[in-house]
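Q: Dropping a structure here in structure tokens format, bear with me for questions.
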Amino acid sequence: MKIIEIKNLHKIYTETAVPVKAVNGIDLSFDQGEFTAIVGPSGSGKTTFLNMLGGLDKPSEGEVIIDGINIGSLSSKQVIDFRLRNIGFVFQAYNLIPVLTAKENVEFIMQLQNQDKKEREARAIEMLKAVGLGERINNRPAKLSGGEQQRVAVARALASKPKFILADEPTANLDSASTNNLLEIMQELNKKENITFIFSTHDQRVVNKARRVITIDDGKVKTDVKI
Amino acid sequence: MNYFKLAWRNIWRNKKRTLITAASVFFALFLAILMVGLQEGTYAHMIKISVEDFYGYAQVHGKGFSEDKTLTNSLEYNQEIIDYLNSNKNVKQIQPRIESFALSAFSDKSKGIVILGVDPNLEFEKPTIKKRLVAGNFDEIYDNGIVITEKLAEYLGAEIGDSLALIGQGYQGISAVGLYKIVATISMPNPMLNSGLAYLDIKTAQELFSLENRLTGLSLSFNDNRKFKETTQELRSNLPEGYEIFHWEEEMPEIKQFVESDRAGGQIFLVILYIIIGFGIFGTALMMIAERIKEFGIMVAVGMQKMKIVILVGVEMLYITSLGIIASIVFSIPIMYYLNINPITFTGDMAKTYESYGFEPVMPAAFQLDYFINQPIVVIIITIIAIIYPLWGISKLDVIKSIRK
Ligand SMILES: Nc1ncnc2c1ncn2[C@@H]1O[C@H](COP(=O)(O)OP(=O)(O)OP(=O)(O)O)[C@@H](O)[C@H]1O
Ligand SMILES: [Mg+2]
């Protein structure tokens, strides 16, 4: 089942002296349950692409259609709500609210979704257990390692039951053990719960775990390999 | 985790900054409460001395008296006017008065003085007048007695028990001459009055000036003295023919002018103080937002509306100001209460300066609930104004740029 369709996507930065074509005509689609890596050299347009996919940035041209909705047609407030209900995000670092505990951080998005307190507490604990942090639920981010913080971010992204999770270089700040651990957790969630992950990376070991690898260069799709 | 809890935790992320900002609000507000309390207390005291002890909150005169203060314009003291004044619910007390001039003489000295004919029961019971007694006894005034100011007695070289001659002009040009026994001396805070003022019983004064049942004024005090303007207006509307009524502000505009100009000076100081506080809050809000831009960017990315972040930070700033506000109220209430009961009394040169202006050298603090409410409200309004621009910045936040930071 197709959940994302990207048509003729362009992003041109014009504020610079020479206009930069960061994304230069991408047509792609993603199915439910994918585990996809976006790779490419630095500056190739991965982040720009993912940002448009997540409705954080507006395309200069083209469309991003998620579950039949063209997110370019939404107002800026509607896009925020759309993200809240449909997209999970994991950023490179500092994903979490420092004054909230792991559990409160996971609950945070569910609370924005107005979920019932009991329900969201139960789900937060369930998700933290799923990422192997059942024992650390009351720790604040400062008391967690970088890898643990990223796992909390994954738990948070999952807890709100999004259609897919976007992760821009989620392992960039992690050592190899934490990287492996995070990827294994993501893989397991993907297999067991059929959750769609789309992530960018520079790390070959991460790429090796993906079931689809899209290579971007100069803002264009170079290869798109399903394994 | 609601916003109030989240905001509370957030303000303690930078303890030092929160405490410094709250402390600046505390000091400014404390200073403001102290200053306004002392100023208003001093004004109230001044007004009390001039108004309650001397003029009354309003006075009824014979028509034309305020233009031409002579006995020709005295009023007829009859039941009709008394009933009329008493018909107003706010009228508490009606005090008959005679105010005129005479030449006082003792042995080879003489001096022109103000003569006040009063009801001794009412006049000398006023606590402020009572405590101005220097020597003698007010009670003996009924029997052709006279109470004179200390300075006058000194000037004339007269003492208690001596007889003072008064020479003047009575009603309709009849000459007014009398001999009165000095029964008490009194000290007035106003130096001009202190140099030449004498009190007679109202009956004695009526005889001296051939006024029969006439007076120069009826001094009024009210149940609610703050409504002196309204009540005066009400009384004026149906005042019987031949009378006029003025409240103290109309009669003594100089007091009001002094209070207003002095208050304006204080307000300029307050405005400067509050501008400084406003900038402090503004700076704190800017810093608090600037260092959390990335966090806010992520919050918006994961689905939090910017308006909610604006509210969150707004609550945080109000928390910080409230800490200062609460501390200043808690701290200033006992101090103001103490200064209200134990007024600051000046001594030495400062006292002399005050006295030379006709003021008592005391500075009582006003202790009124609204001073502890009004100033904090002003601070809250300033806080809101000071954070508008920083908060506006959040609503303009660019998610991509802030996440990249
Ligand atoms: N706001 C911007 N203004 C101008 N140029 C930009 C802007 N953002 C990105 N670019 C440019 O667009 C191109 C693509 O950038 P992007 O960040 O998407 O690359 P990337 O593949 O994510 O790189 P990396 O692997 O280093 O993260 C780059 O040449 C970059 O310099
Ligand atoms: Mg990138």
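Within each chain, counting starts at residue 1; across the structure tokens, chains are named A, B, ... in the order shown, with ligands numbered 1 upward in that order.
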If you count only C-alpha atoms, which residues fall within 10 Å of A:Leu182, apart from same-chain ones fewer than 2 positions away, as JSON, numbers by chain?
A: {"A": [131, 132, 147, 148, 150, 151, 154, 170, 171, 174, 176, 177, 178, 179, 180, 184, 185, 186, 187, 188, 206]}
Q: Set the distance at 9 Å and use only C-alpha atoms: which residues neighbour B:Ala365 once local chain neighbours fewer than 3 positions away are removed? I'd like the list as a list in words.
A: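 My reading of the contact set: Leu34, Met35, Val36, Gly37, Leu38, Gln39, Glu40, Gly41, Thr42, Met336, Tyr337, Tyr338, Leu339, Asn340, Ile341, Asn342, Pro343 and Ile344 of chain B.
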Q: May I ask you to write as JSON, numbers by chain all residues lying at most 6 Å from ligand 1, with only C-alpha atoms and all ligand atoms counted?
A: {"A": [13, 16, 20, 22, 41, 42, 43, 44, 45, 46, 47, 48]}
Q: Write the selection just made, keeping C-alpha atoms, as a PDB file, in the first residue's frame?
A:
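again-v9.pdb written:
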```
ATOM      1  CA  TYR A  13      17.523  28.158  -2.512  1.00  0.00           C
ATOM      2  CA  THR A  16      22.367  32.606  -1.873  1.00  0.00           C
ATOM      3  CA  VAL A  20      21.308  26.253  -5.136  1.00  0.00           C
ATOM      4  CA  ALA A  22      19.231  21.330  -3.392  1.00  0.00           C
ATOM      5  CA  PRO A  41      27.444  12.547  -0.335  1.00  0.00           C
ATOM      6  CA  SER A  42      27.361  15.559   1.942  1.00  0.00           C
ATOM      7  CA  GLY A  43      25.369  18.365   0.357  1.00  0.00           C
ATOM      8  CA  SER A  44      23.548  16.039  -2.000  1.00  0.00           C
ATOM      9  CA  GLY A  45      20.127  17.128  -0.675  1.00  0.00           C
ATOM     10  CA  LYS A  46      19.135  14.355   1.783  1.00  0.00           C
ATOM     11  CA  THR A  47      18.123  16.677   4.603  1.00  0.00           C
ATOM     12  CA  THR A  48      16.332  19.039   2.252  1.00  0.00           C
TER      13      THR A  48
END
```
Q: Determine which residues of chain A sit within 9 Å of chain B, taking into account only C-alpha atoms, and present them as a count of residues only.
A: 32
Q: Excluding same-chain residues fewer than 2 positions from A:Val221, what lies within 10 Å of it counting only C-alpha atoms, as a ChimeraX atom specification?
A: /A:23-28,38-40,44-45,214-219,223-224
Q: May I have the selected residues written with C-alpha atoms, as a PDB file, in the first residue's frame?
A:
```pdb
ATOM      1  CA  VAL A  23      16.526  18.994  -4.672  1.00  0.00           C
ATOM      2  CA  ASN A  24      16.246  18.888  -8.390  1.00  0.00           C
ATOM      3  CA  GLY A  25      13.323  16.773  -9.591  1.00  0.00           C
ATOM      4  CA  ILE A  26      12.614  13.735  -7.429  1.00  0.00           C
ATOM      5  CA  ASP A  27       9.778  11.287  -8.167  1.00  0.00           C
ATOM      6  CA  LEU A  28       9.378   8.518  -5.619  1.00  0.00           C
ATOM      7  CA  ILE A  38      18.559   7.625   1.975  1.00  0.00           C
ATOM      8  CA  VAL A  39      22.263   7.932   1.204  1.00  0.00           C
ATOM      9  CA  GLY A  40      24.462  10.274  -0.718  1.00  0.00           C
ATOM     10  CA  SER A  44      23.548  16.039  -2.000  1.00  0.00           C
ATOM     11  CA  GLY A  45      20.127  17.128  -0.675  1.00  0.00           C
ATOM     12  CA  ILE A 214      17.891   5.333  -2.288  1.00  0.00           C
ATOM     13  CA  THR A 215      21.018   7.161  -3.391  1.00  0.00           C
ATOM     14  CA  ILE A 216      20.723  10.879  -3.975  1.00  0.00           C
ATOM     15  CA  ASP A 217      23.289  13.020  -5.712  1.00  0.00           C
ATOM     16  CA  ASP A 218      23.008  16.625  -6.766  1.00  0.00           C
ATOM     17  CA  GLY A 219      19.388  16.675  -5.687  1.00  0.00           C
ATOM     18  CA  THR A 223      19.777   4.613  -7.662  1.00  0.00           C
ATOM     19  CA  ASP A 224      16.831   3.059  -5.880  1.00  0.00           C
TER      20      ASP A 224
END
```
Q: So which one's closest to A:Glu119, A:Gln92, A:Pro141, A:Ser160, A:Pro19? Using only C-alpha atoms, please.
A: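 Smallest separation from A:Glu119 among the options: A:Ser160.
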Q: Could you check how far atom CA of B:Gly280 sits from atom CA of B:Ile326, in Å to one decimal?
A: 17.9 Å
Q: May I have the residues within 9 Å of B:Phe346 as a list in words, using only C-alpha atoms and disregarding those fewer than 4 positions away in the same chain?
A: Met350, Ala351, Lys352, Tyr354, Pro361, Val362 and Met363 of chain B
Q: Taking only C-alpha atoms and all ligand atoms into account, which of A:Arg205, A:Phe49, A:Asn105, A:Val90 comes nearest ligand 2?
A: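 Under the stated criterion, the closest residue is A:Phe49.
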Q: So which bits of stretch 92-285 of chain B end up strand (DSSP E) when you DSSP the backbone, as a PyMOL selection string?
A: chain B and resi 92-106+109-118+133-136+145-149+163-169+175-186+197-201+214-215+217-222+243-247
Q: Check stretch 186-355 of chain B with DSSP on the backbone and list each residue it calls helix (DSSP H, G or I), as a PyMOL selection string.
A: chain B and resi 191-195+202-208+225-237+248-251+253-290+293-301+306-341+348-355
Q: Excluding same-chain residues fewer than 4 positions from stretch 385-388 of chain B, what lies within 10 Å of it counting only C-alpha atoms, as a list in words?
A: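 Those residues are Ile275, Ile277, Gly278, Phe279, Gly280, Ile281, Phe282, Gly283, Thr284, Ala285, Leu286, Val310, Val313, Gly314, Met317, Leu318, Val379, Ile380, Ile381, Trp392 and Gly393 of chain B.
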Q: Find the residues near stretch 109-123 of chain B: any atom within 9 Å, counting only C-alpha atoms, skip ones fewer than 4 places away on the same chain, and give them as a ChimeraX atom specification.
A: /B:53,95-105,129-130,138-139,141-142,152,155-157,193,195-206,215
Q: Next, dump the selected residues to file, keeping only C-alpha atoms, as a PDB file, in the first residue's frame.
A:
```pdb
ATOM      1  CA  ASP B  53      -8.328  70.309  61.673  1.00  0.00           C
ATOM      2  CA  GLN B  95     -19.455  72.578  63.055  1.00  0.00           C
ATOM      3  CA  PRO B  96     -20.349  76.235  63.424  1.00  0.00           C
ATOM      4  CA  ARG B  97     -17.425  78.578  62.849  1.00  0.00           C
ATOM      5  CA  ILE B  98     -16.596  82.224  62.909  1.00  0.00           C
ATOM      6  CA  GLU B  99     -13.489  83.372  61.168  1.00  0.00           C
ATOM      7  CA  SER B 100     -12.470  87.000  61.391  1.00  0.00           C
ATOM      8  CA  PHE B 101      -9.681  89.358  62.288  1.00  0.00           C
ATOM      9  CA  ALA B 102      -8.950  91.571  65.241  1.00  0.00           C
ATOM     10  CA  LEU B 103      -6.130  93.486  66.796  1.00  0.00           C
ATOM     11  CA  SER B 104      -4.873  91.816  69.947  1.00  0.00           C
ATOM     12  CA  ALA B 105      -3.221  93.884  72.627  1.00  0.00           C
ATOM     13  CA  ILE B 129      -5.615  69.778  68.027  1.00  0.00           C
ATOM     14  CA  LYS B 130      -5.680  68.206  71.445  1.00  0.00           C
ATOM     15  CA  PHE B 138      -9.118  74.150  76.963  1.00  0.00           C
ATOM     16  CA  ASP B 139     -12.118  73.594  79.239  1.00  0.00           C
ATOM     17  CA  ILE B 141     -12.646  78.744  77.360  1.00  0.00           C
ATOM     18  CA  TYR B 142     -16.428  78.982  77.914  1.00  0.00           C
ATOM     19  CA  LEU B 152       1.586  85.102  69.908  1.00  0.00           C
ATOM     20  CA  TYR B 155       5.382  88.091  71.168  1.00  0.00           C
ATOM     21  CA  LEU B 156       2.959  89.860  73.453  1.00  0.00           C
ATOM     22  CA  GLY B 157       4.731  88.713  76.552  1.00  0.00           C
ATOM     23  CA  LEU B 193      -1.044  80.619  61.861  1.00  0.00           C
ATOM     24  CA  SER B 195       2.334  83.613  64.839  1.00  0.00           C
ATOM     25  CA  GLY B 196      -1.179  84.947  65.237  1.00  0.00           C
ATOM     26  CA  LEU B 197      -4.272  82.884  65.935  1.00  0.00           C
ATOM     27  CA  ALA B 198      -6.773  82.800  68.753  1.00  0.00           C
ATOM     28  CA  TYR B 199      -9.741  80.563  69.544  1.00  0.00           C
ATOM     29  CA  LEU B 200     -12.903  81.805  71.202  1.00  0.00           C
ATOM     30  CA  ASP B 201     -16.010  79.898  72.128  1.00  0.00           C
ATOM     31  CA  ILE B 202     -18.537  80.436  69.341  1.00  0.00           C
ATOM     32  CA  LYS B 203     -20.931  82.307  71.646  1.00  0.00           C
ATOM     33  CA  THR B 204     -18.181  84.607  72.871  1.00  0.00           C
ATOM     34  CA  ALA B 205     -17.167  85.312  69.303  1.00  0.00           C
ATOM     35  CA  GLN B 206     -20.749  86.055  68.288  1.00  0.00           C
ATOM     36  CA  LEU B 215     -21.716  82.600  61.640  1.00  0.00           C
TER      37      LEU B 215
END
```
Q: Could you pull the residues within 7 Å of stretch 248-264 of chain B, counting only C-alpha atoms, minus those fewer than 5 positions along the same chain, as an MDAnalysis selection string?
A: chainID B and resid 43 51 55:58
Q: When you draw a straight line from atom CA of A:Lys209 to atom 1 (Mg, counted along the ligand's line) of ligand 2, how long is it in Å?
A: 19.6 Å
